[in-house]
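Engineer: What follows is coords.tsv; its format and atoms are TSV, C-alpha atoms.
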chain	number	residue	atom	x	y	z
D	1	MET	CA	-9.77	39.42	13.68
D	2	ILE	CA	-10.65	41.51	16.70
D	3	VAL	CA	-8.09	40.65	19.31
D	4	THR	CA	-9.78	40.66	22.69
D	5	PRO	CA	-7.75	40.01	25.84
D	6	LYS	CA	-9.09	36.45	25.85
D	7	ILE	CA	-8.02	35.84	22.27
D	8	PHE	CA	-4.69	37.48	22.98
D	9	ALA	CA	-4.17	35.14	25.93
D	10	ARG	CA	-5.03	32.17	23.75
D	11	LEU	CA	-2.66	33.31	21.03
D	12	ALA	CA	0.11	33.83	23.60
D	13	ALA	CA	-0.54	30.36	25.06
D	14	ILE	CA	-0.42	28.81	21.58
D	15	ALA	CA	2.83	30.65	20.83
D	16	ILE	CA	4.51	29.59	24.08
D	17	LEU	CA	3.26	26.02	23.75
D	18	ALA	CA	4.48	25.86	20.16
D	19	VAL	CA	7.93	27.18	21.09
D	20	LEU	CA	8.25	24.81	24.05
D	21	LEU	CA	7.12	21.85	21.94
D	22	GLN	CA	9.52	22.82	19.20
D	23	LEU	CA	12.50	23.19	21.51
D	24	SER	CA	11.77	20.28	23.87
D	25	PHE	CA	10.36	17.75	21.47
D	26	PHE	CA	10.42	18.34	17.73
D	27	SER	CA	13.98	19.67	17.58
D	28	ARG	CA	15.21	16.77	19.66
D	29	VAL	CA	13.68	13.84	17.84
D	30	GLU	CA	14.91	12.64	14.50
D	31	LEU	CA	12.73	10.74	12.13
D	32	LEU	CA	14.28	9.64	8.85
D	33	HIS	CA	17.39	11.69	9.64
D	34	THR	CA	15.57	15.02	10.02
D	35	SER	CA	13.78	17.05	12.65
D	36	ALA	CA	10.43	18.72	12.20
D	37	ASP	CA	10.07	22.50	12.39
D	38	ILE	CA	6.52	23.31	13.42
D	39	LEU	CA	6.96	27.06	14.02
D	40	PRO	CA	6.37	28.13	10.40
D	41	VAL	CA	3.30	25.88	10.33
D	42	VAL	CA	1.92	27.47	13.53
D	43	VAL	CA	2.59	31.00	12.31
D	44	VAL	CA	1.03	30.35	8.89
D	45	SER	CA	-1.97	28.74	10.57
D	46	LEU	CA	-2.42	31.76	12.84
D	47	GLY	CA	-2.07	34.04	9.82
D	48	LEU	CA	-4.71	32.09	7.91
D	49	LEU	CA	-7.03	32.19	10.91
D	50	GLY	CA	-6.49	35.71	12.15
D	51	GLY	CA	-5.30	37.71	9.16
D	52	SER	CA	-2.11	39.49	8.24
D	53	MET	CA	-1.75	41.51	11.46
D	54	THR	CA	-2.20	38.48	13.66
D	55	GLY	CA	0.14	36.43	11.48
D	56	ALA	CA	2.84	39.08	11.44
D	57	VAL	CA	2.72	39.76	15.17
D	58	ALA	CA	2.58	36.04	15.98
D	59	GLY	CA	5.52	35.39	13.68
D	60	PHE	CA	7.58	38.16	15.17
D	61	SER	CA	6.79	37.05	18.74
D	62	LEU	CA	7.52	33.37	18.11
D	63	GLY	CA	10.75	34.25	16.37
D	64	PHE	CA	11.81	36.53	19.16
D	65	LEU	CA	11.00	33.93	21.81
D	66	VAL	CA	12.87	31.16	19.98
D	67	ASP	CA	15.93	33.33	19.45
D	68	CYS	CA	15.90	34.34	23.13
D	69	LEU	CA	15.61	30.74	24.36
D	70	LEU	CA	18.23	29.46	21.96
D	71	VAL	CA	20.49	32.43	22.66
D	72	ALA	CA	20.68	32.89	18.89
D	73	PRO	CA	21.13	36.23	17.09
D	74	LEU	CA	17.92	38.14	17.73
D	75	GLY	CA	15.77	39.34	14.87
D	76	GLY	CA	16.57	36.70	12.27
D	77	SER	CA	13.81	34.23	13.09
D	78	SER	CA	11.42	37.13	13.83
D	79	LEU	CA	11.97	38.59	10.37
D	80	VAL	CA	11.40	35.28	8.59
D	81	LEU	CA	8.38	34.18	10.61
D	82	LEU	CA	6.66	37.57	10.50
D	83	GLY	CA	6.96	37.46	6.72
D	84	ALA	CA	5.42	34.00	6.58
D	85	GLY	CA	2.59	34.96	8.94
D	86	TYR	CA	1.89	38.20	7.12
D	87	LEU	CA	1.73	36.56	3.70
D	88	ALA	CA	-0.58	33.83	5.01
D	89	GLY	CA	-2.87	36.43	6.53
D	90	LEU	CA	-2.78	38.54	3.38
D	91	PHE	CA	-3.84	35.54	1.34
D	92	ARG	CA	-6.76	34.97	3.67
D	93	GLU	CA	-7.80	38.63	3.39
D	94	ARG	CA	-7.45	38.86	-0.39
D	95	PHE	CA	-8.79	35.50	-1.54
D	96	ASP	CA	-11.62	33.23	-0.60
D	97	ILE	CA	-10.54	29.77	0.43
D	98	HIS	CA	-12.94	27.37	-1.31
D	99	SER	CA	-11.02	24.15	-1.18
D	100	ALA	CA	-9.83	22.28	1.89
D	101	LEU	CA	-6.60	21.65	0.06
D	102	VAL	CA	-5.64	25.31	-0.13
D	103	PRO	CA	-4.60	25.86	3.52
D	104	PRO	CA	-2.25	22.83	3.59
D	105	LEU	CA	-0.77	23.87	0.25
D	106	ILE	CA	-0.23	27.45	1.46
D	107	CYS	CA	1.22	26.07	4.68
D	108	MET	CA	3.59	23.88	2.71
D	109	GLY	CA	4.69	26.65	0.37
D	110	LEU	CA	5.21	29.23	3.11
D	111	THR	CA	7.03	26.72	5.33
D	112	LEU	CA	9.39	26.03	2.44
D	113	ALA	CA	9.85	29.78	1.92
D	114	ALA	CA	10.48	30.25	5.64
D	115	GLU	CA	13.15	27.52	5.66
D	116	ILE	CA	14.84	29.21	2.71
D	117	GLY	CA	14.59	32.48	4.67
D	118	PHE	CA	16.21	30.85	7.72
D	119	ALA	CA	19.02	29.61	5.50
D	120	ALA	CA	19.48	33.10	4.07
D	121	VAL	CA	19.60	34.60	7.57
D	122	GLN	CA	22.17	31.98	8.58
D	123	VAL	CA	24.32	32.81	5.57
D	124	CYS	CA	24.08	36.54	6.31
D	125	SER	CA	24.88	35.94	9.99
D	126	ALA	CA	27.90	33.87	9.11
D	127	SER	CA	29.29	36.58	6.85
D	128	MET	CA	28.90	39.30	9.47
D	129	PRO	CA	32.04	40.37	11.34
D	130	ARG	CA	32.28	39.23	14.96
D	131	SER	CA	34.58	40.20	17.72
D	132	VAL	CA	37.13	37.61	18.73
D	133	CYS	CA	37.19	36.90	22.45
P	134	MET	CA	-12.36	52.73	7.36
P	135	TYR	CA	-10.69	50.10	5.09
P	136	ARG	CA	-7.88	52.50	4.16
P	137	LYS	CA	-7.31	53.19	7.81
P	138	GLN	CA	-7.06	49.46	8.44
P	139	VAL	CA	-4.63	49.03	5.58
P	140	ARG	CA	-2.51	51.93	6.80
P	141	ARG	CA	-2.52	50.49	10.29
P	142	ARG	CA	-1.60	47.09	9.00
P	143	ARG	CA	1.24	48.45	6.94
P	144	ALA	CA	2.45	50.52	9.84
P	145	VAL	CA	2.53	47.49	12.12
P	146	LEU	CA	4.30	45.46	9.49
P	147	THR	CA	6.88	48.20	8.97
P	148	LEU	CA	7.31	48.51	12.69
P	149	LEU	CA	7.87	44.79	13.08
P	150	ILE	CA	10.36	44.69	10.21
P	151	ILE	CA	12.22	47.66	11.68
P	152	GLY	CA	12.06	45.93	15.06
P	153	SER	CA	13.58	42.81	13.58
P	154	PHE	CA	16.43	44.69	11.96
P	155	LEU	CA	16.89	46.64	15.16
P	156	LEU	CA	17.19	43.38	17.08
P	157	LEU	CA	19.71	42.10	14.55
P	158	THR	CA	21.68	45.30	14.91
P	159	ILE	CA	21.57	45.05	18.69
P	160	THR	CA	22.68	41.41	18.52
P	161	TYR	CA	25.67	42.16	16.38
P	162	GLY	CA	26.45	45.13	18.57
P	163	GLN	CA	26.89	42.53	21.33
P	164	SER	CA	24.39	44.14	23.65
P	165	SER	CA	21.48	41.67	23.60
P	166	GLY	CA	22.91	39.19	26.08
P	167	GLY	CA	21.03	40.59	29.04
P	168	LEU	CA	17.67	40.49	27.25
P	169	GLN	CA	18.16	36.92	26.12
P	170	ARG	CA	19.34	35.82	29.54
P	171	GLY	CA	16.27	37.43	31.10
P	172	VAL	CA	13.83	35.68	28.77
P	173	SER	CA	15.71	32.41	29.22
P	174	THR	CA	15.49	32.73	32.98
P	175	VAL	CA	11.73	33.31	32.83
P	176	PHE	CA	11.13	30.36	30.53
P	177	SER	CA	13.69	28.03	32.06
P	178	PRO	CA	11.27	26.32	34.54
P	179	LEU	CA	8.72	25.86	31.76
P	180	GLN	CA	11.37	24.35	29.52
P	181	THR	CA	12.46	22.00	32.29
P	182	VAL	CA	8.89	20.81	32.85
P	183	ALA	CA	8.31	20.43	29.11
P	184	ASP	CA	11.58	18.58	28.73
P	185	ARG	CA	10.73	16.03	31.42
P	186	ALA	CA	7.12	15.64	30.32
P	187	LEU	CA	8.04	15.06	26.71
P	188	LYS	CA	10.92	12.68	27.34
P	189	PRO	CA	8.78	9.50	26.99
P	190	ALA	CA	7.37	10.80	23.73
P	191	ARG	CA	10.88	11.60	22.50
P	192	ASP	CA	12.08	8.14	23.49
P	193	LEU	CA	9.15	6.54	21.68
P	194	VAL	CA	9.84	8.42	18.46
P	195	GLY	CA	13.55	7.69	18.88
P	196	TRP	CA	12.78	3.99	19.29
P	197	PHE	CA	10.78	3.95	16.04
P	198	ASP	CA	13.51	5.86	14.25
P	199	LYS	CA	16.23	3.54	15.50
P	200	THR	CA	14.15	0.48	14.65
P	201	PHE	CA	13.71	1.68	11.07
P	202	GLU	CA	17.37	2.54	10.90
P	203	ALA	CA	18.38	-0.83	12.33
P	204	ARG	CA	16.26	-2.63	9.73
P	205	GLY	CA	17.89	-0.67	6.95
P	206	GLU	CA	21.31	-1.25	8.46
P	207	ASN	CA	20.59	-4.94	8.84
P	208	SER	CA	19.81	-5.25	5.13
P	209	ARG	CA	22.96	-3.29	4.27
P	210	LEU	CA	25.09	-5.43	6.57
P	211	GLU	CA	23.63	-8.62	5.13
P	212	ALA	CA	24.54	-7.44	1.64
P	213	GLU	CA	28.03	-6.53	2.86
P	214	LEU	CA	28.36	-9.95	4.48
P	215	VAL	CA	27.49	-11.69	1.22
P	216	THR	CA	30.09	-9.59	-0.59
P	217	ALA	CA	32.68	-10.21	2.13
P	218	ARG	CA	32.03	-13.96	2.00
P	219	ARG	CA	32.48	-13.97	-1.77
P	220	GLN	CA	35.71	-12.01	-1.40
P	221	ALA	CA	36.94	-14.32	1.35
P	222	VAL	CA	36.24	-17.40	-0.77
P	223	ALA	CA	37.90	-15.78	-3.77
P	224	GLY	CA	40.86	-14.84	-1.58
P	225	GLN	CA	41.20	-18.36	-0.23
P	226	GLU	CA	41.00	-19.77	-3.74
P	227	ALA	CA	43.65	-17.31	-4.90
P	228	LEU	CA	45.88	-18.23	-1.95
P	229	GLN	CA	45.53	-21.93	-2.66
P	230	GLU	CA	46.18	-21.37	-6.35
P	231	ASN	CA	49.18	-19.22	-5.52
P	232	ALA	CA	50.62	-21.94	-3.29
P	233	GLN	CA	50.15	-24.53	-6.01
P	234	LEU	CA	51.73	-22.29	-8.64
P	235	ARG	CA	54.67	-21.55	-6.35
P	236	LYS	CA	55.23	-25.28	-5.89
P	237	LEU	CA	55.08	-25.79	-9.65
P	238	VAL	CA	57.57	-22.99	-10.24
P	239	THR	CA	59.86	-24.47	-7.59
P	240	LEU	CA	59.61	-27.86	-9.27
P	241	ASN	CA	60.34	-26.32	-12.68
P	242	ARG	CA	63.49	-24.71	-11.30
P	243	GLY	CA	64.55	-27.89	-9.57
P	244	PRO	CA	67.27	-30.27	-10.81
P	245	ALA	CA	64.82	-32.60	-12.53
P	246	LEU	CA	63.44	-30.04	-14.99
P	247	ALA	CA	65.67	-26.98	-15.02
P	248	GLU	CA	68.17	-28.38	-17.50
P	249	SER	CA	65.77	-30.63	-19.41
P	250	ALA	CA	64.20	-30.07	-22.82
P	251	TYR	CA	60.69	-30.20	-21.39
P	252	ARG	CA	58.39	-27.22	-21.86
P	253	PRO	CA	55.84	-27.12	-19.05
P	254	VAL	CA	52.28	-26.21	-20.05
P	255	ALA	CA	50.09	-25.27	-17.13
P	256	GLY	CA	46.56	-26.59	-17.05
P	257	ARG	CA	43.65	-26.91	-14.75
P	258	VAL	CA	41.79	-30.13	-13.94
P	259	ILE	CA	38.28	-29.78	-15.30
P	260	ALA	CA	36.96	-33.32	-14.76
P	261	ARG	CA	37.92	-36.57	-13.08
P	262	SER	CA	36.76	-40.15	-13.27
P	263	PRO	CA	34.25	-41.10	-10.63
P	264	THR	CA	35.68	-44.53	-9.80
P	265	VAL	CA	38.80	-45.62	-8.00
P	266	TRP	CA	39.55	-48.20	-10.70
P	267	ASN	CA	40.02	-45.80	-13.56
P	268	SER	CA	41.98	-42.93	-12.13
P	269	THR	CA	41.96	-40.36	-14.88
P	270	VAL	CA	41.45	-36.64	-14.94
P	271	THR	CA	40.76	-34.23	-17.77
P	272	VAL	CA	42.83	-31.06	-18.05
P	273	ASP	CA	41.98	-27.95	-20.04
P	274	VAL	CA	45.06	-28.04	-22.26
P	275	GLY	CA	45.28	-30.26	-25.28
P	276	SER	CA	46.97	-30.85	-28.59
P	277	GLY	CA	46.41	-27.21	-29.48
P	278	ASP	CA	48.74	-26.29	-26.63
P	279	GLY	CA	51.42	-28.76	-27.73
P	280	VAL	CA	50.30	-31.56	-25.45
P	281	ARG	CA	50.93	-35.05	-26.80
P	282	VAL	CA	50.05	-38.56	-25.65
P	283	ASP	CA	52.46	-39.90	-22.98
P	284	ASP	CA	53.61	-36.45	-21.87
P	285	PRO	CA	54.34	-36.52	-18.12
P	286	VAL	CA	52.00	-34.55	-15.90
P	287	ILE	CA	53.08	-33.07	-12.57
P	288	SER	CA	51.51	-31.03	-9.83
P	289	GLY	CA	53.40	-28.82	-7.43
P	290	ASP	CA	53.94	-31.82	-5.15
P	291	GLY	CA	55.28	-34.26	-7.69
P	292	LEU	CA	54.41	-36.70	-10.44
P	293	VAL	CA	50.72	-37.06	-11.20
P	294	GLY	CA	50.60	-39.28	-14.27
P	295	ARG	CA	50.86	-39.11	-18.04
P	296	VAL	CA	48.67	-37.97	-20.88
P	297	ALA	CA	46.51	-40.82	-22.15
P	298	SER	CA	44.72	-39.03	-24.97
P	299	THR	CA	44.42	-35.52	-26.33
P	300	GLN	CA	41.88	-33.32	-28.05
P	301	GLY	CA	42.26	-29.80	-29.33
P	302	GLY	CA	41.65	-28.05	-26.04
P	303	SER	CA	41.76	-30.82	-23.47
P	304	ALA	CA	43.60	-33.97	-22.56
P	305	GLN	CA	42.93	-37.07	-20.46
P	306	VAL	CA	45.59	-37.81	-17.89
P	307	MET	CA	46.11	-41.29	-16.53
P	308	LEU	CA	47.10	-40.89	-12.89
P	309	ILE	CA	49.86	-43.00	-11.36
P	310	THR	CA	47.14	-44.52	-9.18
P	311	ASP	CA	45.36	-45.95	-12.24
P	312	HIS	CA	45.43	-49.74	-12.51
P	313	ALA	CA	47.14	-49.52	-15.93
P	314	SER	CA	49.94	-47.27	-14.73
P	315	ALA	CA	53.53	-48.34	-14.16
P	316	VAL	CA	56.39	-45.96	-13.45
P	317	SER	CA	60.06	-46.83	-13.11
P	318	ALA	CA	61.34	-45.29	-9.91
P	319	LYS	CA	64.18	-45.30	-7.45
P	320	VAL	CA	64.42	-44.87	-3.73
P	321	LEU	CA	66.56	-42.08	-2.35
P	322	PRO	CA	69.13	-42.24	-0.96
P	323	GLY	CA	70.67	-45.44	-2.27
P	324	GLY	CA	69.14	-45.50	-5.70
P	325	VAL	CA	67.35	-48.85	-5.30
P	326	GLN	CA	65.22	-49.19	-8.41
P	327	GLY	CA	61.86	-50.74	-9.03
P	328	VAL	CA	58.51	-50.23	-10.73
P	329	ILE	CA	55.65	-48.37	-9.13
P	330	ARG	CA	52.19	-49.73	-9.62
P	331	PRO	CA	49.00	-48.80	-7.81
P	332	ASP	CA	47.58	-50.76	-4.92
P	333	ILE	CA	44.28	-51.59	-6.55
P	334	GLY	CA	41.36	-50.20	-4.59
P	335	ASP	CA	43.44	-47.84	-2.50
P	336	PRO	CA	44.27	-44.61	-4.35
P	337	GLU	CA	46.30	-43.40	-1.38
P	338	ASP	CA	48.77	-46.24	-1.68
P	339	LEU	CA	51.38	-47.18	-4.30
P	340	ILE	CA	53.56	-50.26	-4.43
P	341	LEU	CA	57.18	-50.28	-5.50
P	342	ASP	CA	57.87	-53.77	-6.83
P	343	PHE	CA	60.87	-55.76	-8.00
P	344	ILE	CA	63.23	-54.58	-5.29
P	345	ASP	CA	65.94	-56.92	-4.15
P	346	SER	CA	65.13	-58.13	-0.66
P	347	THR	CA	68.70	-57.57	0.41
P	348	LYS	CA	68.44	-53.86	-0.16
P	349	ASP	CA	67.64	-51.78	2.88
P	350	VAL	CA	64.52	-49.70	2.35
P	351	HIS	CA	62.80	-48.08	5.27
P	352	GLY	CA	60.07	-45.56	5.99
P	353	ARG	CA	60.18	-41.87	5.07
P	354	GLN	CA	62.59	-42.41	2.19
P	355	ALA	CA	61.78	-40.42	-0.92
P	356	VAL	CA	60.91	-42.12	-4.18
P	357	VAL	CA	61.56	-40.34	-7.48
P	358	THR	CA	61.36	-41.25	-11.14
P	359	SER	CA	64.41	-43.13	-12.35
P	360	GLY	CA	64.20	-41.88	-15.94
P	361	TRP	CA	66.14	-44.70	-17.51
P	362	ARG	CA	67.52	-44.65	-21.01
P	363	ALA	CA	68.81	-47.79	-22.75
P	364	GLN	CA	69.26	-49.02	-26.29
P	365	GLY	CA	67.66	-46.00	-27.87
P	366	ARG	CA	64.64	-46.20	-25.61
P	367	ALA	CA	63.93	-43.95	-22.69
P	368	SER	CA	61.46	-43.65	-19.86
P	369	LEU	CA	58.46	-41.39	-20.45
P	370	PHE	CA	59.36	-39.51	-17.30
P	371	PRO	CA	62.45	-37.39	-16.73
P	372	PRO	CA	64.66	-38.57	-13.87
P	373	GLY	CA	64.32	-37.10	-10.39
P	374	LEU	CA	60.62	-36.17	-10.36
P	375	PRO	CA	59.32	-36.70	-6.83
P	376	ILE	CA	56.65	-39.39	-6.61
P	377	GLY	CA	56.10	-40.19	-2.99
P	378	GLU	CA	57.42	-41.30	0.38
P	379	VAL	CA	58.00	-44.84	1.64
P	380	THR	CA	55.51	-45.82	4.30
P	381	SER	CA	56.48	-49.47	4.81
P	382	ALA	CA	58.58	-52.26	3.31
P	383	SER	CA	57.97	-55.99	3.57
P	384	ILE	CA	59.64	-59.15	2.26
P	385	VAL	CA	57.37	-61.10	-0.02
P	386	GLU	CA	57.31	-64.70	1.17
P	387	GLN	CA	59.19	-67.25	-0.94
P	388	GLU	CA	60.35	-64.48	-3.19
P	389	ALA	CA	63.64	-62.76	-3.39
P	390	SER	CA	62.11	-59.32	-3.61
P	391	GLN	CA	60.47	-56.97	-1.21
P	392	GLN	CA	57.34	-54.88	-1.60
P	393	VAL	CA	57.59	-51.27	-0.64
P	394	HIS	CA	54.47	-49.27	0.02
P	395	LEU	CA	54.55	-45.54	-0.55
P	396	ARG	CA	52.22	-42.60	-0.28
P	397	PRO	CA	52.18	-40.29	-3.32
P	398	TYR	CA	53.20	-36.70	-2.66
P	399	ALA	CA	50.54	-35.36	-5.02
P	400	ASP	CA	47.04	-35.23	-3.60
P	401	MET	CA	45.31	-37.18	-6.35
P	402	ALA	CA	41.85	-36.61	-4.93
P	403	ASN	CA	42.17	-32.82	-4.98
P	404	LEU	CA	44.17	-32.00	-8.07
P	405	ASP	CA	43.60	-28.54	-9.45
P	406	LEU	CA	46.58	-26.94	-11.18
P	407	VAL	CA	48.94	-29.24	-13.04
P	408	GLN	CA	51.69	-28.96	-15.62
P	409	VAL	CA	52.08	-31.09	-18.68
P	410	LEU	CA	55.74	-31.52	-19.56
P	411	THR	CA	55.70	-31.21	-23.33
P	412	GLY	CA	58.50	-31.63	-25.79
P	413	GLY	CA	60.49	-34.30	-23.94
P	414	SER	CA	62.30	-37.22	-25.54
P	415	ARG	CA	60.52	-40.54	-25.91
P	416	GLY	CA	61.81	-44.03	-26.22
Starting from the file, give its structure as structure tokens.

Structural biologist:
Amino acid sequence: MIVTPKIFARLAAIAILAVLLQLSFFSRVELLHTSADILPVVVVSLGLLGGSMTGAVAGFSLGFLVDCLLVAPLGGSSLVLLGAGYLAGLFRERFDIHSALVPPLICMGLTLAAEIGFAAVQVCSASMPRSVC
Amino acid sequence: MYRKQVRRRRAVLTLLIIGSFLLLTITYGQSSGGLQRGVSTVFSPLQTVADRALKPARDLVGWFDKTFEARGENSRLEAELVTARRQAVAGQEALQENAQLRKLVTLNRGPALAESAYRPVAGRVIARSPTVWNSTVTVDVGSGDGVRVDDPVISGDGLVGRVASTQGGSAQVMLITDHASAVSAKVLPGGVQGVIRPDIGDPEDLILDFIDSTKDVHGRQAVVTSGWRAQGRASLFPPGLPIGEVTSASIVEQEASQQVHLRPYADMANLDLVQVLTGGSRG
């Protein structure tokens, strides 16, 4: 994907909108005792549409923005989401998508992988030494 | 051209991964607070607007969620209620049974039975006659348990009747309110003796007959079995078993006796646990 300023602006708008929706809506509503996480879906979708570079950069940016707004440890979400976006984009670049079922299945698989990645980051964060105030 | 693209792609990926680890390092070096505060400050107004705009949607989803939850909870609570009702009924039954058994134990330890040769066999009423004329009940102990015809039957409140017939695992008990029943009894205190027979048609009332009209009998006096023994014959009932309480006494016209009405202590209409006094002496 050739990223023109217009496309870049659109991607940035999508990223900001996704983060705001996630933080203000999806994270705050519970349906069947769980909250939806749309960020991996958005990143994988951008990766499938724009390729590995777009997916990786979008993932990193979304992760960074979320961590900043949640005042969470920086870098964790970025690392996980950039991986998901990159892999989605790589799939798009390496394989032809013939069936309409493939994108949802990839989305599902990579979202699952991203959630496992988030859990791993959480575990690593918890085991890291912190200063006691 | 393609190789250049691949190299560029890999370089960007490496850069982003390094950037991520760098951010993690900065975070755990406790020096990212300013950056996060800055981004938060920039996005704060947008978050506020988004928060307010999306509140109705959040409430709507929350309403659906709570409705589903409430329906599930309602079913669970209904099931719990059914269980609790069953337990409450079982508890009430157990309490009632316990009270009856306590009364029976008290009666067994009382003066009438403690020193006697009777061996009480506990039984439960499993059937009763549907008419007021034939007052009989069936208990779930029979000849197999040592129950014999004419054995006295008591409840926790007092005398109930006597065994009329037995089978292996059950026995028919003729209640003292049956028209064929007659029990020798005495009024306490004083020891005025007479024979108790039922007031036909009224199972709540017994009549103590053959009492000298000169004897003073008044309300609320207790009536117990007299348990006589004479010339090698003896009453079917041991002496001192409570039967009932005097409700009224009246002189029978042109007769030298008075008729005493009494109310049986035992609730004949709601008998449940009883004891058959087996092994006693008979006349």

Engineer: For chain P, work out the contacting residues on chain D at 7 Å, counting all atoms listed in the file, and write them as a list in words.

Structural biologist: Leu20, Ser24, Phe25, Val29, Glu30, Leu31, Leu32, Met53, Ala56, Phe60, Cys68, Leu69, Val71, Pro73, Leu74, Gly75, Gly76, Ser78 and Leu79 of chain D

Engineer: Pick out the residues sitting within 8 Å of D:Leu39, and hand them over as a ChimeraX atom specification; count all atoms listed in the file, and ignore anything fewer than 5 positions along from it in its own chain.

Structural biologist: /D:18-19,22,62

Engineer: Write out as a ChimeraX atom specification the residues lying within 9 Å of stretch 274-283 of chain P, counting only C-alpha atoms and excluding same-chain residues fewer than 6 positions away.

Structural biologist: /P:254-257,294-306,369-370,409-412,415

Engineer: Find the residues near stretch 234-240 of chain P: any atom within 7 Å, counting all atoms listed in the file, skip ones fewer than 6 places away on the same chain, and give them as a list in words.

Structural biologist: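 The contact residues come out as Ser288, Gly289 and Asp290 of chain P.
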